[in-house]
Number of protein chains: 2
Amino acid sequence: MQKIEGGVTTPIGFLAAHTAAGIKYEDRDDMAMLFSTEPCELAGTFTKNVVKAAPVLWDRQRVEEGRGVRAVVVNAGIANACTGKDGIRFCEETAEAAADCLNIDPLQVCVASTGVIGMPLPMDRIKNGVRSMAPTLSDSREAANLAARAIMTTDTHPKEAAVCLSIHGTEVRIGGMTKGSGMIHPNMGTMLSFITTDAAISKELLQEALSQVVSETYNMISVDGDTSTNDTCLLMANGLAKNEPISKEDDSFSIFVEGLLEVNRTLARMMAGDGEGATALIEAVVKGAPDKEGARKLAKSVITSSLTKAAIYGHDANWGRIMCALGYAGVEFDPERVDITIKSEAGELPLVENGVALSYSETEASEILSKSEVQILCDIHAGDQEAVAWGCDLTYEYVKINADYRS
Amino acid sequence: MQKIEGGVTTPIGFLAAHTAAGIKYEDRDDMAMLFSTEPCELAGTFTKNVVKAAPVLWDRQRVEEGRGVRAVVVNAGIANACTGKDGIRFCEETAEAAADCLNIDPLQVCVASTGVIGMPLPMDRIKNGVRSMAPTLSDSREAANLAARAIMTTDTHPKEAAVCLSIHGTEVRIGGMTKGSGMIHPNMGTMLSFITTDAAISKELLQEALSQVVSETYNMISVDGDTSTNDTCLLMANGLAKNEPISKEDDSFSIFVEGLLEVNRTLARMMAGDGEGATALIEAVVKGAPDKEGARKLAKSVITSSLTKAAIYGHDANWGRIMCALGYAGVEFDPERVDITIKSEAGELPLVENGVALSYSETEASEILSKSEVQILCDIHAGDQEAVAWGCDLTYEYVKINADYRS
């Protein structure tokens, strides 16, 4: 597997477009479109929030029907959530507008929205946006990048990743883009993430691969503990790489999953690191857990703790808060066997051994925690399972963004 | 039942003391002592965090043994958590020092600590503190207030409450004090809360009353979602009111529970309203839930949501975040039947009916949310159960306090 510079247009046959439709933001792009020259197998994971935005309901239907999806239309600014009976109509009309321009069936179109909850979508602007994007679809590197930029809300930079794999000697590509950066605490999905691949793979295995990977990536990040109404991850496979189709859980499938994991892990990390107001990406690695589920709960508890997040912002090695967060994760362990180490490009420093403080330099610890990527390594010595979770620090800026977001 | 001005010394036979022991803070009191002239029945609830501070382990033993507790020694500044094998020794030595001064058995002494995790307790200062407090024990109103002040950490004011009940014509009193105000997300306990009563009541019913009340009060508040290692709520009953002893779940027990609920609800609300950095108390009332447990989860989810908390700080009626928080609480309901209303001393304003926005004045909504106590009323129309939870807004000041806490 090779990591390459790229995004959603990296796999063969995928095109992207973007436009400034004036949905809510001024003077910036706020719509994007993806298009595949061939019908795709589609896999998806979605929010587990009881309150689901209309596009989540629409896309879930598309995944279930499997009619060979061709396009995705995305808007930023308004979430099309809590819009009552109108919500699904907005999705239908968007899909119809795209289908008209692209000469496909409306049921081959997925839609996604992100932004303020409860406002109606301005359908005239959405339709105008769709019509202006269709003729500009391009498979260029720039088109992918500008699409990734167009779907941002409070993100500070676009998030893309791509890999190239070899399956039985045939090159296969996977590319993706995602956006955060608040209301991020995905539960079987993520804010919005769109992954493309030219691999030939069955629908069942495509979904299996996505579900496996999502549990290790998007479901292991949190910005603020709030599981959104709109979390959506779509994976489209158009088969244009012409590899021998992946139809069982063999070596080819493993290679594909590994590539998919790399792309999504990269995107998930980017999303956590660009959490609202964040100055640092926090990576919690928990080792020695009795089972995988326990390891995940523990790692996620550390990166979700407001007090730990605020301490990292203050470059304060307040490991008591890490112990505390491990303790309320809902996993049994012996606190007197826990080791905690912090690590960044400035160095590595053990803070706790067997549950009690080592004598370490607070200055050195503070220096390590001042970097833009910080690792917290916890070994609970209760087994051989491990998990990694990603979050970010809690800053004044987070509060500012979210006290003012709608105004 | 009558609410009265008072605290832990309001019930007959309870004395309090305070001192500046110099444990961590300078120029302020940081230790308190409670003493009962008669042995007490003792009930307690404690943190469910796997990482339990040594005083939690010590006090739990005292509750189990039921040897007629007489005194409680509390210190602020250092939590005596993650202190390894030394932790319990610190508790023993503190209890022994108090027992010596008070001429009682060390096993009649409870201890409690709050503050930084991982630092050893300075036992010389603790013992000196105990010795200087013992001769100053007093049943005065002032003694109770200064004790409530001495146990504060980042609290901005002391928290006390008291009621007077009539049980079969006999006056019975309940008084209490508590402290917050960070790492507050109690799970079967609370940061530190000490309740006294002169009621005569069996140990079993005392524990039953406390457990009932804690689930409706401390377990329904959150400041930051972090369940502490030290959460402790102790309830001491010395019987000096000479009421006919409460020995079964009859009317007398109900009256006692009602009084206990009033004291603890008052203290819990105070703790939420004085959460670190808070400018407002948020009270979430959820009605129409299918069961009590569901109602509690929904109410607690609303007051725990970082995004909702930040919106309240910004006086922004961002009800989409409230819908979102209800949706991820883990309770099934129909989003299209939800009503949401906000309320404060500035008025009452319905925002959402049947899951969609009403046309309301943002200015009026903002005015309502600008008050120091704000209610969020949610009716999910799925049953007849309700619950109330209390939290606070999320502010720059919270981040500041917790980025700098140790330094």
# chains A, B, ... in the order shown; residues from 1 in each chain; ligands from 1
>>> residues_around(residues="A:Ala43", least_positions_apart="3", cutoff="12 Å", atoms="only C-alpha atoms", output="PyMOL selection string")
chain A and resi 40+46+59-69+110+189+193-197+201-214+232-238
>>> residues_around(residues="stretch 169-177 of chain B", least_positions_apart="6", cutoff="9 Å", atoms="only C-alpha atoms", output="VMD selection string")
chain B and resid 6 to 12 144 to 145 147 to 148 158 to 163 192 to 200 235 237 240 to 244 256 259 to 260 263 to 264 267
>>> atom_distance(atom1="atom CA of A:Ile88", atom2="atom CA of A:Ala54")
5.3 Å
>>> atom_distance(atom1="atom CA of A:Tyr398", atom2="atom CA of B:Asp393")
13.2 Å
>>> interface_residues(of="chain A", to="chain B", cutoff="8 Å", atoms="only C-alpha atoms", output="tab-separated table (two decimals) with N, CA and C atoms, in the first residue's frame")
chain	number	residue	atom	x	y	z
A	48	LYS	N	-26.33	7.16	14.76
A	48	LYS	CA	-27.27	6.38	15.57
A	48	LYS	C	-28.17	7.31	16.37
A	49	ASN	N	-28.02	8.62	16.18
A	49	ASN	CA	-28.90	9.57	16.86
A	49	ASN	C	-30.35	9.27	16.45
A	50	VAL	N	-31.26	9.26	17.44
A	50	VAL	CA	-32.68	9.02	17.14
A	50	VAL	C	-33.21	10.11	16.21
A	51	VAL	N	-32.68	11.33	16.40
A	51	VAL	CA	-33.06	12.43	15.53
A	51	VAL	C	-32.15	12.40	14.31
A	82	CYS	N	-34.45	18.16	11.47
A	82	CYS	CA	-35.61	18.74	12.17
A	82	CYS	C	-36.36	19.68	11.24
A	83	THR	N	-36.55	19.25	10.01
A	83	THR	CA	-37.27	20.06	9.04
A	83	THR	C	-38.63	19.43	8.72
A	84	GLY	N	-39.05	18.49	9.57
A	84	GLY	CA	-40.38	17.88	9.43
A	84	GLY	C	-40.55	17.16	8.11
A	116	VAL	N	-26.61	24.35	10.29
A	116	VAL	CA	-27.60	24.65	11.33
A	116	VAL	C	-28.78	23.69	11.24
A	117	ILE	N	-29.22	23.22	12.40
A	117	ILE	CA	-30.39	22.35	12.49
A	117	ILE	C	-31.65	23.21	12.51
A	118	GLY	N	-32.69	22.73	11.84
A	118	GLY	CA	-34.02	23.34	12.02
A	118	GLY	C	-34.42	24.35	10.97
A	119	MET	N	-33.49	24.80	10.12
A	119	MET	CA	-33.84	25.74	9.06
A	119	MET	C	-34.20	24.98	7.79
A	183	MET	N	-19.89	19.19	16.89
A	183	MET	CA	-20.92	18.15	16.99
A	183	MET	C	-20.34	16.84	16.47
A	224	ASP	N	-16.51	17.00	20.84
A	224	ASP	CA	-17.26	17.58	21.94
A	224	ASP	C	-18.29	16.65	22.57
A	225	GLY	N	-18.26	15.37	22.19
A	225	GLY	CA	-19.19	14.44	22.82
A	225	GLY	C	-20.60	14.49	22.26
A	226	ASP	N	-20.85	15.39	21.32
A	226	ASP	CA	-22.19	15.49	20.76
A	226	ASP	C	-22.30	14.70	19.46
A	227	THR	N	-23.12	13.63	19.47
A	227	THR	CA	-23.33	12.81	18.28
A	227	THR	C	-24.34	13.51	17.37
A	228	SER	N	-23.90	13.88	16.21
A	228	SER	CA	-24.71	14.68	15.29
A	228	SER	C	-25.92	13.95	14.75
A	229	THR	N	-26.87	14.74	14.25
A	229	THR	CA	-28.04	14.21	13.56
A	229	THR	C	-27.72	13.84	12.11
A	305	SER	N	-12.78	13.41	27.78
A	305	SER	CA	-12.82	14.11	29.07
A	305	SER	C	-12.53	15.61	28.92
A	306	SER	N	-13.50	16.42	29.28
A	306	SER	CA	-13.33	17.88	29.19
A	306	SER	C	-12.13	18.34	30.00
A	307	LEU	N	-11.95	17.74	31.17
A	307	LEU	CA	-10.85	18.17	32.04
A	307	LEU	C	-9.50	17.80	31.46
A	310	ALA	N	-8.89	20.25	28.58
A	310	ALA	CA	-8.49	21.58	29.04
A	310	ALA	C	-7.06	21.56	29.56
A	311	ALA	N	-6.67	20.46	30.21
A	311	ALA	CA	-5.29	20.36	30.72
A	311	ALA	C	-4.29	20.35	29.57
A	312	ILE	N	-4.61	19.66	28.49
A	312	ILE	CA	-3.70	19.63	27.34
A	312	ILE	C	-3.59	21.04	26.75
A	313	TYR	N	-4.70	21.74	26.70
A	313	TYR	CA	-4.65	23.13	26.22
A	313	TYR	C	-3.71	23.96	27.09
A	314	GLY	N	-3.73	23.70	28.40
A	314	GLY	CA	-2.85	24.43	29.33
A	314	GLY	C	-1.46	23.83	29.43
A	315	HIS	N	-1.15	22.82	28.57
A	315	HIS	CA	0.16	22.14	28.58
A	315	HIS	C	0.49	21.64	29.98
A	316	ASP	N	-0.54	21.17	30.68
A	316	ASP	CA	-0.41	20.75	32.07
A	316	ASP	C	-0.52	19.22	32.14
A	318	ASN	N	-1.54	16.98	33.88
A	318	ASN	CA	-2.45	16.66	34.98
A	318	ASN	C	-2.97	15.23	34.80
A	320	GLY	N	-3.83	12.97	36.74
A	320	GLY	CA	-4.96	12.53	37.58
A	320	GLY	C	-6.25	12.53	36.80
A	321	ARG	N	-6.38	13.49	35.89
A	321	ARG	CA	-7.60	13.56	35.08
A	321	ARG	C	-7.67	12.41	34.08
A	323	MET	N	-6.31	9.37	34.65
A	323	MET	CA	-6.68	8.23	35.50
A	323	MET	C	-8.18	8.24	35.77
A	324	CYS	N	-8.68	9.42	36.09
A	324	CYS	CA	-10.10	9.59	36.40
A	324	CYS	C	-10.95	9.19	35.19
A	325	ALA	N	-10.54	9.63	34.01
A	325	ALA	CA	-11.31	9.32	32.79
A	325	ALA	C	-11.25	7.83	32.47
A	326	LEU	N	-10.11	7.19	32.69
A	326	LEU	CA	-10.03	5.74	32.52
A	326	LEU	C	-11.01	5.08	33.50
A	327	GLY	N	-11.05	5.61	34.69
A	327	GLY	CA	-11.84	5.01	35.77
A	327	GLY	C	-13.33	5.03	35.54
A	328	TYR	N	-13.83	6.06	34.84
A	328	TYR	CA	-15.28	6.10	34.62
A	328	TYR	C	-15.68	5.61	33.24
A	330	GLY	N	-16.22	2.68	32.32
A	330	GLY	CA	-17.13	1.53	32.36
A	330	GLY	C	-16.41	0.21	32.14
A	331	VAL	N	-15.11	0.19	32.42
A	331	VAL	CA	-14.31	-1.02	32.25
A	331	VAL	C	-13.63	-1.31	33.58
A	332	GLU	N	-13.65	-2.57	34.01
A	332	GLU	CA	-12.99	-2.92	35.27
A	332	GLU	C	-11.49	-3.07	35.05
A	333	PHE	N	-10.69	-2.50	35.94
A	333	PHE	CA	-9.24	-2.73	35.92
A	333	PHE	C	-8.69	-2.37	37.28
A	334	ASP	N	-7.43	-2.72	37.50
A	334	ASP	CA	-6.80	-2.43	38.78
A	334	ASP	C	-6.02	-1.11	38.64
A	335	PRO	N	-6.50	-0.05	39.28
A	335	PRO	CA	-5.84	1.25	39.15
A	335	PRO	C	-4.37	1.20	39.56
A	336	GLU	N	-4.03	0.24	40.41
A	336	GLU	CA	-2.64	0.19	40.89
A	336	GLU	C	-1.71	-0.55	39.93
A	355	GLY	N	0.09	3.05	38.91
A	355	GLY	CA	-0.96	3.89	39.48
A	355	GLY	C	-0.50	5.09	40.28
A	356	VAL	N	0.81	5.22	40.48
A	356	VAL	CA	1.27	6.40	41.24
A	356	VAL	C	2.29	7.21	40.43
A	357	ALA	N	2.45	8.47	40.83
A	357	ALA	CA	3.29	9.39	40.08
A	357	ALA	C	4.76	9.02	40.15
A	394	LEU	N	-9.50	21.44	24.57
A	394	LEU	CA	-10.68	22.29	24.78
A	394	LEU	C	-10.18	23.70	25.07
A	395	THR	N	-10.60	24.64	24.22
A	395	THR	CA	-10.01	25.98	24.26
A	395	THR	C	-11.08	27.06	24.39
A	396	TYR	N	-10.63	28.28	24.69
A	396	TYR	CA	-11.56	29.42	24.70
A	396	TYR	C	-12.28	29.49	23.36
A	399	VAL	N	-15.40	27.52	22.88
A	399	VAL	CA	-16.56	28.15	23.52
A	399	VAL	C	-17.04	29.32	22.68
A	400	LYS	N	-16.09	30.11	22.20
A	400	LYS	CA	-16.45	31.29	21.40
A	400	LYS	C	-17.22	30.87	20.14
A	402	ASN	N	-18.92	28.28	19.59
A	402	ASN	CA	-20.22	27.67	19.83
A	402	ASN	C	-21.19	28.53	20.62
A	403	ALA	N	-20.68	29.61	21.20
A	403	ALA	CA	-21.60	30.57	21.80
A	403	ALA	C	-22.13	31.49	20.71
A	404	ASP	N	-21.40	31.59	19.61
A	404	ASP	CA	-21.76	32.55	18.55
A	404	ASP	C	-22.22	31.90	17.26
A	406	ARG	N	-24.60	30.52	15.49
A	406	ARG	CA	-25.69	30.85	14.58
A	406	ARG	C	-25.71	32.30	14.15
>>> select_by_dssp(residues="stretch 67-211 of chain A", states="alpha helix (DSSP H)", output="ChimeraX atom specification")
/A:86-102,123-133,141-150,203-211
>>> write_last_selection(atoms="N, CA and C atoms", output="tab-separated table (two decimals), in the first residue's frame")
chain	number	residue	atom	x	y	z
A	86	ASP	N	-41.06	18.32	5.26
A	86	ASP	CA	-40.36	18.95	4.13
A	86	ASP	C	-38.99	18.34	3.87
A	87	GLY	N	-38.36	17.82	4.93
A	87	GLY	CA	-36.97	17.36	4.83
A	87	GLY	C	-36.74	16.40	3.68
A	88	ILE	N	-37.56	15.35	3.60
A	88	ILE	CA	-37.37	14.35	2.56
A	88	ILE	C	-37.68	14.95	1.18
A	89	ARG	N	-38.64	15.85	1.14
A	89	ARG	CA	-38.96	16.51	-0.13
A	89	ARG	C	-37.74	17.31	-0.64
A	90	PHE	N	-37.05	17.96	0.29
A	90	PHE	CA	-35.82	18.68	-0.10
A	90	PHE	C	-34.83	17.72	-0.75
A	91	CYS	N	-34.70	16.52	-0.15
A	91	CYS	CA	-33.75	15.53	-0.68
A	91	CYS	C	-34.19	15.09	-2.09
A	92	GLU	N	-35.47	14.79	-2.21
A	92	GLU	CA	-36.01	14.34	-3.50
A	92	GLU	C	-35.77	15.38	-4.59
A	93	GLU	N	-36.09	16.62	-4.26
A	93	GLU	CA	-35.96	17.67	-5.27
A	93	GLU	C	-34.50	17.90	-5.66
A	94	THR	N	-33.60	17.78	-4.68
A	94	THR	CA	-32.18	17.91	-4.98
A	94	THR	C	-31.73	16.78	-5.91
A	95	ALA	N	-32.15	15.57	-5.57
A	95	ALA	CA	-31.77	14.41	-6.38
A	95	ALA	C	-32.35	14.53	-7.79
A	96	GLU	N	-33.59	15.00	-7.88
A	96	GLU	CA	-34.21	15.17	-9.20
A	96	GLU	C	-33.46	16.20	-10.04
A	97	ALA	N	-33.08	17.31	-9.39
A	97	ALA	CA	-32.34	18.35	-10.12
A	97	ALA	C	-31.02	17.79	-10.65
A	98	ALA	N	-30.33	17.02	-9.80
A	98	ALA	CA	-29.04	16.45	-10.22
A	98	ALA	C	-29.26	15.41	-11.32
A	99	ALA	N	-30.28	14.58	-11.15
A	99	ALA	CA	-30.56	13.53	-12.14
A	99	ALA	C	-30.86	14.14	-13.51
A	100	ASP	N	-31.62	15.23	-13.52
A	100	ASP	CA	-31.91	15.94	-14.77
A	100	ASP	C	-30.64	16.36	-15.48
A	101	CYS	N	-29.76	17.03	-14.74
A	101	CYS	CA	-28.52	17.55	-15.34
A	101	CYS	C	-27.60	16.44	-15.79
A	102	LEU	N	-27.60	15.31	-15.06
A	102	LEU	CA	-26.59	14.28	-15.30
A	102	LEU	C	-27.15	13.11	-16.12
A	123	MET	N	-34.45	25.82	-1.55
A	123	MET	CA	-34.37	24.89	-2.68
A	123	MET	C	-33.99	25.56	-4.00
A	124	ASP	N	-34.39	26.82	-4.18
A	124	ASP	CA	-34.00	27.50	-5.42
A	124	ASP	C	-32.49	27.58	-5.54
A	125	ARG	N	-31.87	27.98	-4.45
A	125	ARG	CA	-30.40	28.10	-4.48
A	125	ARG	C	-29.73	26.74	-4.64
A	126	ILE	N	-30.29	25.73	-3.95
A	126	ILE	CA	-29.73	24.37	-4.08
A	126	ILE	C	-29.80	23.92	-5.54
A	127	LYS	N	-30.96	24.10	-6.16
A	127	LYS	CA	-31.13	23.65	-7.55
A	127	LYS	C	-30.23	24.43	-8.49
A	128	ASN	N	-30.14	25.74	-8.28
A	128	ASN	CA	-29.22	26.54	-9.09
A	128	ASN	C	-27.80	26.05	-8.93
A	129	GLY	N	-27.45	25.73	-7.67
A	129	GLY	CA	-26.11	25.21	-7.39
A	129	GLY	C	-25.84	23.92	-8.16
A	130	VAL	N	-26.80	23.01	-8.11
A	130	VAL	CA	-26.66	21.74	-8.81
A	130	VAL	C	-26.45	21.99	-10.30
A	131	ARG	N	-27.28	22.88	-10.87
A	131	ARG	CA	-27.19	23.14	-12.31
A	131	ARG	C	-25.87	23.79	-12.71
A	132	SER	N	-25.34	24.62	-11.82
A	132	SER	CA	-24.07	25.28	-12.18
A	132	SER	C	-22.88	24.32	-12.00
A	133	MET	N	-23.04	23.32	-11.11
A	133	MET	CA	-21.91	22.40	-10.90
A	133	MET	C	-21.81	21.34	-11.99
A	141	ARG	N	-7.09	16.93	-9.85
A	141	ARG	CA	-6.70	16.99	-8.44
A	141	ARG	C	-7.34	18.22	-7.79
A	142	GLU	N	-7.33	19.32	-8.51
A	142	GLU	CA	-7.86	20.57	-7.98
A	142	GLU	C	-9.37	20.47	-7.71
A	143	ALA	N	-10.09	19.79	-8.59
A	143	ALA	CA	-11.54	19.66	-8.41
A	143	ALA	C	-11.86	18.95	-7.10
A	144	ALA	N	-11.06	17.91	-6.78
A	144	ALA	CA	-11.28	17.18	-5.52
A	144	ALA	C	-11.00	18.09	-4.34
A	145	ASN	N	-9.92	18.83	-4.43
A	145	ASN	CA	-9.53	19.70	-3.32
A	145	ASN	C	-10.56	20.79	-3.07
A	146	LEU	N	-11.07	21.38	-4.14
A	146	LEU	CA	-12.05	22.45	-3.99
A	146	LEU	C	-13.39	21.90	-3.50
A	147	ALA	N	-13.70	20.66	-3.85
A	147	ALA	CA	-14.92	20.03	-3.32
A	147	ALA	C	-14.77	19.81	-1.82
A	148	ALA	N	-13.58	19.34	-1.41
A	148	ALA	CA	-13.32	19.12	0.02
A	148	ALA	C	-13.42	20.43	0.80
A	149	ARG	N	-13.02	21.51	0.15
A	149	ARG	CA	-13.08	22.84	0.76
A	149	ARG	C	-14.54	23.33	0.84
A	150	ALA	N	-15.31	23.02	-0.17
A	150	ALA	CA	-16.69	23.53	-0.25
A	150	ALA	C	-17.60	22.94	0.82
A	203	LYS	N	-21.09	-5.70	-3.20
A	203	LYS	CA	-21.77	-4.77	-2.29
A	203	LYS	C	-21.63	-5.22	-0.83
A	204	GLU	N	-21.79	-6.53	-0.58
A	204	GLU	CA	-21.75	-7.05	0.78
A	204	GLU	C	-20.37	-6.81	1.41
A	205	LEU	N	-19.32	-7.10	0.64
A	205	LEU	CA	-17.97	-6.94	1.18
A	205	LEU	C	-17.60	-5.46	1.31
A	206	LEU	N	-18.17	-4.64	0.42
A	206	LEU	CA	-17.91	-3.21	0.51
A	206	LEU	C	-18.45	-2.68	1.84
A	207	GLN	N	-19.68	-3.11	2.17
A	207	GLN	CA	-20.28	-2.68	3.44
A	207	GLN	C	-19.52	-3.26	4.62
A	208	GLU	N	-19.12	-4.51	4.52
A	208	GLU	CA	-18.36	-5.17	5.59
A	208	GLU	C	-17.05	-4.42	5.84
A	209	ALA	N	-16.36	-4.07	4.76
A	209	ALA	CA	-15.08	-3.35	4.88
A	209	ALA	C	-15.31	-1.99	5.55
A	210	LEU	N	-16.36	-1.30	5.11
A	210	LEU	CA	-16.62	0.03	5.66
A	210	LEU	C	-16.97	-0.06	7.14
A	211	SER	N	-17.82	-0.99	7.50
A	211	SER	CA	-18.23	-1.12	8.90
A	211	SER	C	-17.04	-1.43	9.79
>>> residues_around(residues="B:Glu367", least_positions_apart="4", cutoff="8 Å", atoms="only C-alpha atoms", output="PyMOL selection string")
chain B and resi 315+346+363+371
>>> write_last_selection(atoms="C-alpha atoms", output="PDB file, in the first residue's frame")
ATOM      1  CA  HIS B 315     -27.824  33.386  24.961  1.00  0.00           C
ATOM      2  CA  ALA B 346     -37.808  36.983  31.808  1.00  0.00           C
ATOM      3  CA  THR B 363     -34.544  38.724  20.635  1.00  0.00           C
ATOM      4  CA  LYS B 371     -30.859  35.134  33.105  1.00  0.00           C
TER       5      LYS B 371
END
>>> atom_distance(atom1="atom CA of A:Ala272", atom2="atom CA of A:Gly22")
27.5 Å
>>> select_by_dssp(residues="stretch 220-355 of chain A", states="strand (DSSP E)", output="list of chain:residue names")
A:Thr232, A:Cys233, A:Leu234, A:Leu235, A:Met236, A:Ala237, A:Leu281, A:Ile282, A:Glu283, A:Ala284, A:Val285, A:Val286, A:Lys287, A:Gly288, A:Ala289, A:Asp339, A:Ile340, A:Thr341, A:Ile342, A:Lys343, A:Ser344, A:Gly347, A:Glu348, A:Leu349, A:Pro350, A:Leu351, A:Val352, A:Glu353
>>> residues_around(residues="A:Asp379", least_positions_apart="4", cutoff="12 Å", atoms="only C-alpha atoms", output="short mmCIF file (atom, residue, chain, number, x, y, z; two decimals) with C-alpha atoms, in the first residue's frame")
data_model
loop_
_atom_site.label_atom_id
_atom_site.label_comp_id
_atom_site.auth_asym_id
_atom_site.auth_seq_id
_atom_site.Cartn_x
_atom_site.Cartn_y
_atom_site.Cartn_z
CA ALA A 284 -4.88 8.20 23.25
CA VAL A 285 -3.40 4.73 22.95
CA VAL A 286 -4.67 2.20 25.45
CA LYS A 287 -2.82 -1.11 25.77
CA GLY A 288 -3.25 -4.16 27.96
CA ALA A 289 -7.06 -4.18 27.94
CA PRO A 290 -8.90 -7.46 28.51
CA ALA A 295 -9.77 -0.87 25.01
CA LEU A 298 -10.97 3.48 27.70
CA ALA A 299 -9.21 5.30 24.84
CA ILE A 322 -6.45 10.81 32.70
CA MET A 323 -6.68 8.23 35.50
CA LEU A 326 -10.03 5.74 32.52
CA PHE A 333 -9.24 -2.73 35.92
CA ASP A 334 -6.80 -2.43 38.78
CA PRO A 335 -5.84 1.25 39.15
CA GLU A 336 -2.64 0.19 40.89
CA ARG A 337 -1.30 -1.46 37.72
CA VAL A 338 -1.78 1.50 35.37
CA ASP A 339 1.17 3.13 33.57
CA ILE A 340 0.81 6.47 31.77
CA THR A 341 3.33 8.05 29.39
CA ILE A 342 3.06 11.22 27.30
CA PRO A 350 6.57 8.33 31.73
CA LEU A 351 4.34 10.06 34.30
CA VAL A 352 2.72 7.18 36.19
CA GLU A 353 3.83 3.67 37.04
CA ASN A 354 1.62 1.19 38.91
CA GLY A 355 -0.96 3.89 39.48
CA GLY A 383 -4.79 -8.22 28.86
CA ASP A 384 -3.38 -7.88 25.34
CA GLN A 385 -5.93 -5.77 23.48
CA GLU A 386 -5.34 -2.18 22.42
CA ALA A 387 -7.15 0.72 20.79
#
>>> residues_around(residues="A:Ile23", least_positions_apart="3", cutoff="9 Å", atoms="only C-alpha atoms", output="list of chain:residue names")
A:Ala20, A:Glu26, A:Asp30, A:Met31, A:Asn75, A:Ala76, A:Gly77, A:Ile78, A:Leu121, A:Pro122, A:Arg125, A:Ile126
>>> decode(residues="stretch 114-158 of chain A", atoms="C-alpha atoms", output="JSON list (two decimals), in the first residue's frame")
[["chain", "number", "residue", "atom", "x", "y", "z"],
["A", 114, "THR", "CA", -24.30, 19.93, 7.27],
["A", 115, "GLY", "CA", -24.84, 23.11, 9.24],
["A", 116, "VAL", "CA", -27.60, 24.65, 11.33],
["A", 117, "ILE", "CA", -30.39, 22.35, 12.49],
["A", 118, "GLY", "CA", -34.02, 23.34, 12.02],
["A", 119, "MET", "CA", -33.84, 25.74, 9.06],
["A", 120, "PRO", "CA", -35.46, 24.83, 5.74],
["A", 121, "LEU", "CA", -33.15, 24.32, 2.75],
["A", 122, "PRO", "CA", -33.46, 27.17, 0.22],
["A", 123, "MET", "CA", -34.37, 24.89, -2.68],
["A", 124, "ASP", "CA", -34.00, 27.50, -5.42],
["A", 125, "ARG", "CA", -30.40, 28.10, -4.48],
["A", 126, "ILE", "CA", -29.73, 24.37, -4.08],
["A", 127, "LYS", "CA", -31.13, 23.65, -7.55],
["A", 128, "ASN", "CA", -29.22, 26.54, -9.09],
["A", 129, "GLY", "CA", -26.11, 25.21, -7.39],
["A", 130, "VAL", "CA", -26.66, 21.74, -8.81],
["A", 131, "ARG", "CA", -27.19, 23.14, -12.31],
["A", 132, "SER", "CA", -24.07, 25.28, -12.18],
["A", 133, "MET", "CA", -21.91, 22.40, -10.90],
["A", 134, "ALA", "CA", -22.94, 19.66, -13.35],
["A", 135, "PRO", "CA", -21.14, 21.11, -16.42],
["A", 136, "THR", "CA", -17.96, 21.76, -14.43],
["A", 137, "LEU", "CA", -17.41, 18.21, -13.14],
["A", 138, "SER", "CA", -13.74, 17.31, -13.45],
["A", 139, "ASP", "CA", -11.44, 14.46, -12.47],
["A", 140, "SER", "CA", -8.60, 16.87, -11.72],
["A", 141, "ARG", "CA", -6.70, 16.99, -8.44],
["A", 142, "GLU", "CA", -7.86, 20.57, -7.98],
["A", 143, "ALA", "CA", -11.54, 19.66, -8.41],
["A", 144, "ALA", "CA", -11.28, 17.18, -5.52],
["A", 145, "ASN", "CA", -9.53, 19.70, -3.32],
["A", 146, "LEU", "CA", -12.05, 22.45, -3.99],
["A", 147, "ALA", "CA", -14.92, 20.03, -3.32],
["A", 148, "ALA", "CA", -13.32, 19.12, 0.02],
["A", 149, "ARG", "CA", -13.08, 22.84, 0.76],
["A", 150, "ALA", "CA", -16.69, 23.53, -0.25],
["A", 151, "ILE", "CA", -18.19, 21.10, 2.30],
["A", 152, "MET", "CA", -16.40, 22.67, 5.30],
["A", 153, "THR", "CA", -18.35, 24.41, 8.09],
["A", 154, "THR", "CA", -16.15, 25.46, 11.03],
["A", 155, "ASP", "CA", -13.23, 23.41, 9.66],
["A", 156, "THR", "CA", -10.09, 25.45, 9.14],
["A", 157, "HIS", "CA", -8.74, 23.36, 6.26],
["A", 158, "PRO", "CA", -9.97, 20.73, 3.78]]
